[in-house]
Every structure is written in structure tokens, then in C-alpha cells.
Amino acid sequence: MTTPEQRGETHPHIEPANPLYAYIGAFVDELWRAGVRQVVVCPGSRSTPLALTLVNVHPGLRVWMHVDERSAAFFALGMAKGGLGEPVALVCTSGTAAANFYPALVEANLSHIPLLALTADRPHELRDTGAPQAIDQNRLYGAHVKWFADAALPEASNVALRYIRALADRAVGTALAVPIGPVHLNFPLREPLIPAPQPLPPIEQRDAESWYGRPDGAPYTIVTSGKPTLTTAQIERLAETLTTPQRGLILAGPQPDSGLSEPLLRLARRLGYPVLADPLSQLRRPASGDNTPVITSYDAFLRSERFASTSAPEVVLRFGPMLTSKPALLYLQRYSQCRQIVVDGQAGWEEPTHLASEMIAADPVDVCERLLAALGERESGTERDWAQAWWQTDQVTHAALTDAITRLDQPFEGRVFTELARALPAGATLVVGNSMPVRDCDTFFWGGEQAIRVLGNRGANGIDGVISTALGVSAAQRAAGDEGPVVLVIGDLSFYHDLNGLLAAKLHGLDLTVILVNNDGGGIFSFLAQADYPQHFEQVFGTPLGLDFSSAVAMYGGAFTRLEGDWASFRAALAQSLSAGGLQVIEVATERASNVQIHRELWQVVEAALADTGIIPFRREQETAR
């Protein structure tokens with residue numbers, strides 16, 4: 001038997017001292033061979049073998065310590081979402097520690113983010129016996145993970161080591177296979193948990209590959225999976241469907257991959273379809289001068305009865321999840337007989353309207369490229385004036401809103417995004433919290449002169465874990481050598497929910513600028529029907545906290561700035577925070593009631609501007625057959 005050193009392997013290998021560490025060591029080594037490079041570890045006793053092995057086996061494995069399990073899981077989610085292209089592993093001890101991973105795994109499952117939840121557990125003889133820190137961890141996350149396995153008890157036989165290596169490879173491969181998502185491995189571990197010497201099989205009885213891995217450094221079991229594709233006949237039929245109508249739209253939903261942007265925009269140009277680009281679609285980028293009608297202010301002008309009632313589409317081609325915008329959803333429901341085609345690259349069912357005429361489970365980039373080839377010289381039936389009307393309406397809306405917002409004297413939450421669009425440098429990443437921030441981002445972040453990546457947790461749309469997600473994105477960029485700044489816009493309730501997450505900035509010296517929009521409560525409810533019941537509104541929905549967050553930020557080593565002046569002060573504070581690095585929190589104080597009123601006044605401004613232009617795209621003469 002040859003050792004790794006004799007085989008010339010480049011990574012050091014720690015000779016295990018006992019069977020438990022031989023078993024766990026083989027598993028961790030195989031994670032590394034399968035492509036895992038980032039691991040988030042929470043402290044605990046039962047997880048000792050995993051934690052100690054992770055920090056000792058490979059210099060290429062980066063361990064990020066995090067004390068709070070819920071924040072740790074969202075931190076790992078942010079890392080995996082940040083563009084590393086690999087699963088991120090999570091480790092915790094047994095009991096309720098594992099239960100705290102739950103919210104982030106729900107989000108990962110719904111937004112197709114690859115996570116490996118590695119939970120330590122009591123051995124089988126201590127389950128359901130009243131043993132301390134023992135809960136039922138089998139299938140703990142239910143349907144919110146792609147796959148679960150309760151690992152075999154550790155031993156140092158050749159059979160056991162082959163098994164645990166294959167298990168690691170299967171877990172990584174499953175997390176990355178379409179549909180991408182989280183995997184849960186549960187490890188029952190017996191004491192002693194420390195690496196004290198214990199008997200091992202004689203060296204002549206050990207199989208070299210099960211103990212040390214494949215000699216060429218490859219995974220023990222190579223897992224290969226492909227992306228779903230359409231047949232040539234299916235592509236041809238789709239091309240025919242899209243070139244027949246005269247009025248078509250492309251909807252680009254939230255997705256983190258910027259690789260879809262270029263082929264999707266080429267397809268839009270070829271078909272002559274306007275593109276309604278969600279802020280999280282990565283398509284709201286600087287104008288390229290190629291006349292691609294990327295529409296970014298539709299959330300505002302689709303509220304206009306004048307526009308919506310005269311703009312009936314004949315076909316809608318949607319890529320990915322439904323748009324964030326409620327007016328866009330209502331617009332689709334208004335024209336329920338329009339042919340709607342959904343391309344879902346994760347082979348799921350991203351269709352909450354139940355209006356789709358066709359669901360396509362295929363890789364969206366492949367669909368775009370092959371559609372372009374199939375279209376060839378084929379004539380498109382799209383009316384040129386259709387796309388032009390959407391483009392003109394978009395520009396009129398931009399101009400009207402920009403002018404009205406600039407003339408406002410009082411603080412306005414939506415202006416945070418118009419300011420960021422102008423101020424953020426190229427390569428910046430904007431992370432947007434849920435509830436009001438993502439909606440204001442949708443309406444007022446139209447894209448600026450620089451290419452900005454926009455991310456958010458739109459799987460379950462929760463307000464928990466958002467700080468940790470943003471810090472995970474910052475950590476991922478550091479790991480990838482990306483020096484672009486990360487900016488988070490978040491509301492005060494969501495900020496409060498994840499204060500523990502700020503610890504990651506202190507522990508790991510991460511850079512994050514937080515724009516804290518503080519309206520002292522749940523601002524989203526002021527826009528909803530609940531606001532019509534004022535007697536108990538503040539108690540049940542408004543929920544004002546009255547907190548001064550400056551001390552909490554200081555506790556975690558951050559700098560806190562509370563803006564009292566105008567938007568020039570905001571721009572100055574933002575510039576200073578980006579240059580200073582570290583944890584920077586800029587609080588923008590707003591008032592809920594006036595914020596609602598300003599939004600409503602702005603919709604009236606848009607309505608009036610559209611009326612003045614006289615733009616009326618197309619009246620619907622008859623319902624288009626599905």
C-alpha cells in the first residue's frame with residue numbers, strides 16, 4: 001500500500017489515530033475531492049469529530065466559524081448564492097441546533113441553492129430514551145431537502161470507508177443535479193469523540209483507495225449529471241409558436257446567474273419582444289445601444305388602467321419564477337387567455353397563476369441558443385410599434401418618477417434605490433431584503449451606468465437571515481478574489497430578526513455596507529388591506545420596536561451612521577462606507593404613513609405623464625386563443 005506522500009499528492013493527509021477519525025477523515029477528504037471548498041461550522045460537542053477533521057485535513061478547505069446556527073445556515077446560503085458554483089457545507093451538533101438550520105434550508109430548496117447540512121447525532125441506542133440533547137433528526141427537514149441519509153455508525157473497515165466516500169460524492173452530486181438544492185446527512189456518533197488513539201486494522205488489511213482515496217486525486221465515485229434539454233422537434237415547434245403572434249413579451253424572473261442575460265437578450269432582439277426584467281433577473285444592466293427593449297419600470301406603469309387596458313399580449317414567454325411585481329401578476333391575470341409559456345431550468349413548477357399554456361423543463365440558456373438557431377432567417381410576426389410603445393412608456397415613466405422624486409423634500413424609501421443606481425460602482429453586489437425593500441427595488445432601481453448584481457432570498461420570501469445571507473455573499477466574493485463591494489438594503493424588523501448574524505462580520509473581518517431603512521415597524525402592512533382596520537393596526541401589524549440599533553452595531557465592531565440631513569448626506573455616507581470597508585450601517589429614518597402617501601402620489605404622476613404623451617399601444621379586438 002502506498003501513502004499519499006509516496007503517490008505525490010499535493011495535499012497533506014493526517015494519519016487517523018482511531019476508527020472514528022479514519023471514517024470521518026475519509027468523508028471530509030472525499031468532500032474536498034468532490035469540489036467542496038467552503039464549510040460553515042457551529043461549535044458543539046457531538047460534532048467534534050467533524051469539526052476537528054475539517055480544520056485539519058485539507059488546507060484548501062476554508063472553515064467559517066459561526067456561533068448561531070440559524071444565522072450560520074443563512075451565511076452558508078449567501079456563500080452558495082454568491083457565485084462560487086459549488087455546494088457549501090454546514091456542520092452542527094445534535095438537538096435543537098440542527099432545527100435552527102431549518103429556515104435557511106427551506107429557502108435553499110425553493111431557490112435552488114446547493115447546501116450540505118451535516119448534523120451530528122446521538123447513536124441509535126440513545127435515541128428516544130430521554131438522553132440529553134437528543135431529538136429525532138431523521139428526515140428532520142422533511143420535503144425541504146432533496147435527499148436525506150442517516151449515515152452508518154463509524155468504523156474503520158474497508159467496506160465502511162468505501163461507503164462513506166461514496167456517500168460524500170453522492171451528497172455533492174445530488175445537491176448539484178437539477179433541480180439544484182440542499183441535502184441532509186445525519187451522523188450518529190458514539191463517544192469518545194476526541195481523537196484519542198484506538199486500535200486500527202493492521203496496515204496490510206487496509207485497502208489503499210478506501211483509506212486514502214483514488215491515487216489520481218479524483219473522487220472515489222464520480223457523479224455526472226446533465227441539464228434537461230428539448231428535442232429538435234420541440235425546439236422547432238416552439239420557434240413556430242413564437243414567430244406567429246404579432247404581440248409578444250418575455251418575462252425574466254429572479255435568478256442569480258448572469259450567464260442567461262446575453263442569450264436571452266439576443267433572443268428578444270431576434271423576436272422583437274420587449275423584456276420585462278425583474279430586479280433580481282440580472283438583466284437590469286446598462287443600455288448596450290443594441291435597441292433591446294429591456295423594460296424596468298413596468299411595476300409603475302402597469303398600475304395605469306390606460307396602459308394595461310390597451311396593451312393585450314398574444315404570447316408571453318417567461319424564464320424562471322414569477323416576477324416580484326404585483327401589477328405584473330395582475331396584468332397576466334387580466335389577459336388570462338393569452339398563451340403563456342414558462343421555461344423552468346430547475347424542472348419544477350414555477351407557475352402560481354395556473355395560467356400557463358405550456359411548461360418547459362429545460363436549461364434556459366440552451367433553450368435560447370437553440371431557438372436562435374432554429375429561427376434562422378424565419379420572419380417574425382411581431383409588430384414593430386408594439387415593442388416601441390413599451391419602450392416609450394418605460395422612458396416616460398422613468399423621467400416622470402425621477403423628476404417627482406428629486407423634488408420631494410421629505411425622506412422617501414424608494415429614493416434609496418434611485419440613489420444606489422447612480423452611486424454604486426461597477427462590480428458591486430446589491431442584496432435586497434424582503435417586504436418593502438425588494439418592492440421598492442423593483443419599482444425604483446432601473447439600472448444605472450454600471451453593471452450591478454442584485455440578489456435576494458425570494459424562495460420563501462422570509463425576512464429572517466437576510467444579514468447573514470449578505471455577509472455570506474461577502475465571504476464568497478472574498479473566497480473568489482472578487483473585490484466588488486456588497487451593499488444590503490434592509491428594513492428595521494428584518495434587521496432586528498438577524499442581529500446575531502452581524503457577528504460574522506466581526507469574526508471574519510468581512511466588508512458589508514447596510515442601508516437600514518427604519519420606519520419603526522412593518523411598513524409593508526400600511527399598503528395592504530389590514531391598514532383599513534386602524535383600531536388594532538399598530539398592535540398587530542405595525543409592531544413598532546422603538547429600538548436604537550447603534551449600540552448593537554458597535555457591539556459587533558461596526559460603524560453606525562444615522563442620517564439627519566438630505567440626500568447629499570446619504571451619498572457622502574455611502575461613499576465613505578464603501579471606502580472604509582468593514583461593517584458599516586447607514587440608517588435612513590422614514591415615516592410609514594407619509595411613505596404610503598408618496599407612493600400613491602407617484603402612481604398619479606405616472607398616470608398623468610402617460611396621458612400627456614398619448615401613447616396607446618394596442619387595443620384588444622378579441623381574446624387570443626390559448
# chains A, B, ... in the order shown; residues from 1 in each chain; ligands from 1
call {"tool": "residues_around", "arguments": {"residues": "Gln450 (chain A)", "least_positions_apart": "4", "cutoff": "8 Å", "atoms": "only C-alpha atoms", "output": "MDAnalysis selection string"}}
result
chainID A and resid 285:286 424:427
call {"tool": "residues_around", "arguments": {"residues": "region 69-76 of chain A", "least_positions_apart": "6", "cutoff": "7 Å", "atoms": "only C-alpha atoms", "output": "list in words"}}
result
Val40, Cys42, Val88, Leu90, Ala97, Asn100, Phe101, Ala104, Gly465, Ser468, Thr469, Leu471, Gly472, Asp498, Asn500 and Gly501 of chain A
call {"tool": "select_by_dssp", "arguments": {"residues": "region 328-573 of chain A", "states": "strand (DSSP E)", "output": "PyMOL selection string"}}
result
chain A and resi 339-343+358-360+429-432+453-455+486-491+512-518+559-562
call {"tool": "residues_around", "arguments": {"residues": "region 229-242 of chain A", "least_positions_apart": "5", "cutoff": "12 Å", "atoms": "only C-alpha atoms", "output": "PyMOL selection string"}}
result
chain A and resi 178+247-250+267-268+270-273+314-317+339-347+357-382+626
call {"tool": "closest_residue", "arguments": {"among": "A:Ala400, A:Leu302, A:Ala22, A:Val106", "to": "Asn461 (chain A)", "atoms": "only C-alpha atoms"}}
result
A:Val106
call {"tool": "closest_residue", "arguments": {"among": "A:Arg334, A:Arg303, A:Arg127, A:His184", "to": "Leu602 (chain A)", "atoms": "only C-alpha atoms"}}
result
A:Arg303
call {"tool": "residues_around", "arguments": {"residues": "Gly456 (chain A)", "least_positions_apart": "6", "cutoff": "8 Å", "atoms": "only C-alpha atoms", "output": "PDB file with all heavy atoms, in the first residue's frame"}}
result
ATOM      1  N   LEU A 280     -34.092  41.141  -9.811  1.00  0.00           N
ATOM      2  CA  LEU A 280     -33.197  40.051  -9.453  1.00  0.00           C
ATOM      3  C   LEU A 280     -32.916  39.126 -10.634  1.00  0.00           C
ATOM      4  O   LEU A 280     -32.386  38.038 -10.474  1.00  0.00           O
ATOM      5  CB  LEU A 280     -33.781  39.236  -8.299  1.00  0.00           C
ATOM      6  CG  LEU A 280     -33.591  39.802  -6.882  1.00  0.00           C
ATOM      7  CD1 LEU A 280     -34.413  41.057  -6.676  1.00  0.00           C
ATOM      8  CD2 LEU A 280     -33.965  38.768  -5.825  1.00  0.00           C
ATOM      9  N   VAL A 431     -27.706  43.379  -2.253  1.00  0.00           N
ATOM     10  CA  VAL A 431     -28.581  42.373  -1.649  1.00  0.00           C
ATOM     11  C   VAL A 431     -29.796  43.102  -1.102  1.00  0.00           C
ATOM     12  O   VAL A 431     -29.660  44.084  -0.369  1.00  0.00           O
ATOM     13  CB  VAL A 431     -27.858  41.596  -0.531  1.00  0.00           C
ATOM     14  CG1 VAL A 431     -28.777  40.518   0.056  1.00  0.00           C
ATOM     15  CG2 VAL A 431     -26.572  40.956  -1.066  1.00  0.00           C
ATOM     16  N   VAL A 432     -30.980  42.611  -1.442  1.00  0.00           N
ATOM     17  CA  VAL A 432     -32.206  43.319  -1.112  1.00  0.00           C
ATOM     18  C   VAL A 432     -33.055  42.476  -0.171  1.00  0.00           C
ATOM     19  O   VAL A 432     -33.321  41.299  -0.439  1.00  0.00           O
ATOM     20  CB  VAL A 432     -33.016  43.651  -2.380  1.00  0.00           C
ATOM     21  CG1 VAL A 432     -34.211  44.529  -2.032  1.00  0.00           C
ATOM     22  CG2 VAL A 432     -32.142  44.335  -3.408  1.00  0.00           C
ATOM     23  N   GLY A 433     -33.475  43.084   0.944  1.00  0.00           N
ATOM     24  CA  GLY A 433     -34.338  42.410   1.893  1.00  0.00           C
ATOM     25  C   GLY A 433     -35.756  42.288   1.357  1.00  0.00           C
ATOM     26  O   GLY A 433     -36.149  42.957   0.389  1.00  0.00           O
ATOM     27  N   ASN A 434     -36.541  41.444   2.010  1.00  0.00           N
ATOM     28  CA  ASN A 434     -37.915  41.214   1.571  1.00  0.00           C
ATOM     29  C   ASN A 434     -38.865  42.244   2.161  1.00  0.00           C
ATOM     30  O   ASN A 434     -38.471  43.155   2.876  1.00  0.00           O
ATOM     31  CB  ASN A 434     -38.344  39.792   1.914  1.00  0.00           C
ATOM     32  CG  ASN A 434     -37.739  38.787   0.953  1.00  0.00           C
ATOM     33  OD1 ASN A 434     -37.713  39.003  -0.247  1.00  0.00           O
ATOM     34  ND2 ASN A 434     -37.237  37.685   1.490  1.00  0.00           N
ATOM     35  N   VAL A 438     -37.506  44.958  -1.385  1.00  0.00           N
ATOM     36  CA  VAL A 438     -37.490  44.339  -2.714  1.00  0.00           C
ATOM     37  C   VAL A 438     -38.549  44.944  -3.619  1.00  0.00           C
ATOM     38  O   VAL A 438     -38.362  45.043  -4.840  1.00  0.00           O
ATOM     39  CB  VAL A 438     -37.660  42.799  -2.600  1.00  0.00           C
ATOM     40  CG1 VAL A 438     -39.088  42.415  -2.216  1.00  0.00           C
ATOM     41  CG2 VAL A 438     -37.242  42.114  -3.895  1.00  0.00           C
TER      42      VAL A 438
END
call {"tool": "select_by_dssp", "arguments": {"residues": "region 479-536 of chain A", "states": "helix (DSSP H, G or I)", "output": "list in words"}}
result
Ala479, Asp492, Leu493, Ser494, Phe495, Tyr496, His497, Leu499, Asn500, Gly501, Leu502, Leu503, Ala504, Ala505, Lys506, Leu507, His508, Gly523, Ile524, Phe525, Ser526, Phe527, Ala529, Gln530, Ala531, Asp532, Pro534, Gln535 and His536 of chain A
call {"tool": "write_last_selection", "arguments": {"atoms": "C-alpha atoms", "output": "CSV table (one decimal), in the first residue's frame"}}
result
chain,number,residue,atom,x,y,z
A,479,ALA,CA,-13.0,33.5,-1.5
A,492,ASP,CA,-35.8,47.5,10.6
A,493,LEU,CA,-37.8,44.4,11.5
A,494,SER,CA,-35.7,42.2,9.3
A,495,PHE,CA,-32.5,43.8,10.7
A,496,TYR,CA,-33.7,43.0,14.2
A,497,HIS,CA,-34.5,39.4,13.3
A,499,LEU,CA,-28.8,40.8,14.7
A,500,ASN,CA,-26.9,37.7,15.6
A,501,GLY,CA,-25.7,37.5,12.0
A,502,LEU,CA,-23.6,40.6,12.4
A,503,LEU,CA,-21.1,38.5,14.4
A,504,ALA,CA,-19.8,37.0,11.2
A,505,ALA,CA,-18.5,40.4,10.1
A,506,LYS,CA,-16.5,40.7,13.3
A,507,LEU,CA,-15.3,37.1,13.4
A,508,HIS,CA,-14.1,37.0,9.8
A,523,GLY,CA,-44.1,49.2,6.6
A,524,ILE,CA,-45.5,46.7,4.1
A,525,PHE,CA,-48.7,46.3,6.1
A,526,SER,CA,-49.6,50.0,5.5
A,527,PHE,CA,-50.0,49.2,1.8
A,529,ALA,CA,-56.0,45.8,3.4
A,530,GLN,CA,-55.1,45.4,7.0
A,531,ALA,CA,-54.5,49.2,7.2
A,532,ASP,CA,-58.2,49.6,6.8
A,534,PRO,CA,-56.9,51.1,12.4
A,535,GLN,CA,-58.2,50.1,15.8
A,536,HIS,CA,-55.6,47.4,16.4
call {"tool": "decode", "arguments": {"residues": "region 113-128 of chain A", "atoms": "all heavy atoms", "output": "compact mmCIF listing (two decimals), in the first residue's frame"}}
result
# COMPACT_ATOMS: atom_id res chain seq x y z
N ILE A 113 -30.47 26.40 -4.21
CA ILE A 113 -29.11 26.69 -3.77
C ILE A 113 -28.52 25.42 -3.17
O ILE A 113 -29.14 24.79 -2.30
CB ILE A 113 -29.10 27.82 -2.73
CG1 ILE A 113 -29.76 29.08 -3.31
CG2 ILE A 113 -27.68 28.11 -2.27
CD1 ILE A 113 -29.06 29.66 -4.51
N PRO A 114 -27.32 25.00 -3.59
CA PRO A 114 -26.74 23.75 -3.09
C PRO A 114 -26.09 23.89 -1.72
O PRO A 114 -25.06 24.54 -1.56
CB PRO A 114 -25.69 23.41 -4.16
CG PRO A 114 -25.26 24.74 -4.69
CD PRO A 114 -26.47 25.63 -4.63
N LEU A 115 -26.71 23.29 -0.70
CA LEU A 115 -26.15 23.25 0.65
C LEU A 115 -26.06 21.80 1.10
O LEU A 115 -26.89 20.97 0.72
CB LEU A 115 -27.03 24.02 1.64
CG LEU A 115 -27.16 25.54 1.48
CD1 LEU A 115 -28.05 26.11 2.57
CD2 LEU A 115 -25.80 26.21 1.50
N LEU A 116 -25.07 21.51 1.93
CA LEU A 116 -24.92 20.19 2.56
C LEU A 116 -25.05 20.38 4.06
O LEU A 116 -24.16 20.93 4.71
CB LEU A 116 -23.56 19.56 2.24
CG LEU A 116 -23.19 19.34 0.78
CD1 LEU A 116 -21.80 18.73 0.68
CD2 LEU A 116 -24.20 18.44 0.09
N ALA A 117 -26.18 19.97 4.62
CA ALA A 117 -26.38 20.05 6.07
C ALA A 117 -25.84 18.78 6.70
O ALA A 117 -26.36 17.69 6.47
CB ALA A 117 -27.85 20.23 6.39
N LEU A 118 -24.78 18.91 7.50
CA LEU A 118 -24.14 17.77 8.15
C LEU A 118 -24.41 17.89 9.65
O LEU A 118 -23.80 18.71 10.35
CB LEU A 118 -22.63 17.78 7.88
CG LEU A 118 -22.21 17.97 6.42
CD1 LEU A 118 -20.69 18.02 6.30
CD2 LEU A 118 -22.79 16.87 5.53
N THR A 119 -25.35 17.11 10.14
CA THR A 119 -25.76 17.21 11.54
C THR A 119 -25.23 16.02 12.33
O THR A 119 -25.42 14.87 11.94
CB THR A 119 -27.29 17.27 11.65
OG1 THR A 119 -27.86 16.11 11.03
CG2 THR A 119 -27.84 18.51 10.96
N ALA A 120 -24.55 16.31 13.43
CA ALA A 120 -24.13 15.25 14.34
C ALA A 120 -25.33 14.79 15.16
O ALA A 120 -26.25 15.57 15.42
CB ALA A 120 -23.02 15.74 15.25
N ASP A 121 -25.32 13.52 15.58
CA ASP A 121 -26.47 12.96 16.28
C ASP A 121 -25.99 11.97 17.33
O ASP A 121 -24.86 11.47 17.29
CB ASP A 121 -27.40 12.27 15.27
CG ASP A 121 -28.81 12.04 15.82
OD1 ASP A 121 -29.07 12.40 16.98
OD2 ASP A 121 -29.63 11.49 15.07
N ARG A 122 -26.87 11.69 18.29
CA ARG A 122 -26.62 10.60 19.23
C ARG A 122 -26.68 9.27 18.47
O ARG A 122 -27.41 9.17 17.47
CB ARG A 122 -27.69 10.61 20.32
CG ARG A 122 -27.39 11.32 21.63
CD ARG A 122 -26.59 12.54 21.55
NE ARG A 122 -26.34 13.07 22.90
CZ ARG A 122 -25.67 14.17 23.13
NH1 ARG A 122 -25.17 14.85 22.12
NH2 ARG A 122 -25.47 14.61 24.36
N PRO A 123 -25.94 8.27 18.94
CA PRO A 123 -26.06 6.95 18.30
C PRO A 123 -27.43 6.35 18.55
O PRO A 123 -28.20 6.81 19.41
CB PRO A 123 -24.94 6.15 18.97
CG PRO A 123 -24.74 6.81 20.29
CD PRO A 123 -24.99 8.26 20.07
N HIS A 124 -27.76 5.29 17.83
CA HIS A 124 -29.10 4.74 17.84
C HIS A 124 -29.56 4.31 19.23
O HIS A 124 -30.75 4.45 19.58
CB HIS A 124 -29.17 3.55 16.87
CG HIS A 124 -28.87 3.93 15.45
ND1 HIS A 124 -27.58 4.17 15.02
CD2 HIS A 124 -29.68 4.11 14.39
CE1 HIS A 124 -27.62 4.49 13.74
NE2 HIS A 124 -28.87 4.46 13.33
N GLU A 125 -28.66 3.81 20.05
CA GLU A 125 -29.08 3.33 21.37
C GLU A 125 -29.48 4.45 22.32
O GLU A 125 -30.09 4.20 23.36
CB GLU A 125 -27.95 2.49 21.99
CG GLU A 125 -26.69 3.27 22.35
CD GLU A 125 -25.68 3.31 21.22
OE1 GLU A 125 -26.07 3.00 20.06
OE2 GLU A 125 -24.51 3.64 21.48
N LEU A 126 -29.15 5.71 21.97
CA LEU A 126 -29.52 6.85 22.81
C LEU A 126 -30.70 7.63 22.26
O LEU A 126 -31.10 8.64 22.84
CB LEU A 126 -28.31 7.78 22.99
CG LEU A 126 -27.13 7.21 23.78
CD1 LEU A 126 -26.03 8.26 23.92
CD2 LEU A 126 -27.58 6.71 25.15
N ARG A 127 -31.26 7.17 21.18
CA ARG A 127 -32.41 7.87 20.60
C ARG A 127 -33.70 7.41 21.30
O ARG A 127 -33.87 6.24 21.60
CB ARG A 127 -32.50 7.60 19.10
CG ARG A 127 -31.32 8.15 18.31
CD ARG A 127 -31.42 7.81 16.84
NE ARG A 127 -30.29 8.32 16.07
CZ ARG A 127 -30.10 8.09 14.79
NH1 ARG A 127 -30.96 7.35 14.10
NH2 ARG A 127 -29.05 8.60 14.16
N ASP A 128 -34.57 8.36 21.51
CA ASP A 128 -35.88 8.09 22.11
C ASP A 128 -35.76 7.40 23.47
O ASP A 128 -36.54 6.52 23.81
CB ASP A 128 -36.72 7.24 21.16
CG ASP A 128 -38.21 7.31 21.48
OD1 ASP A 128 -38.62 8.30 22.13
OD2 ASP A 128 -38.94 6.38 21.12
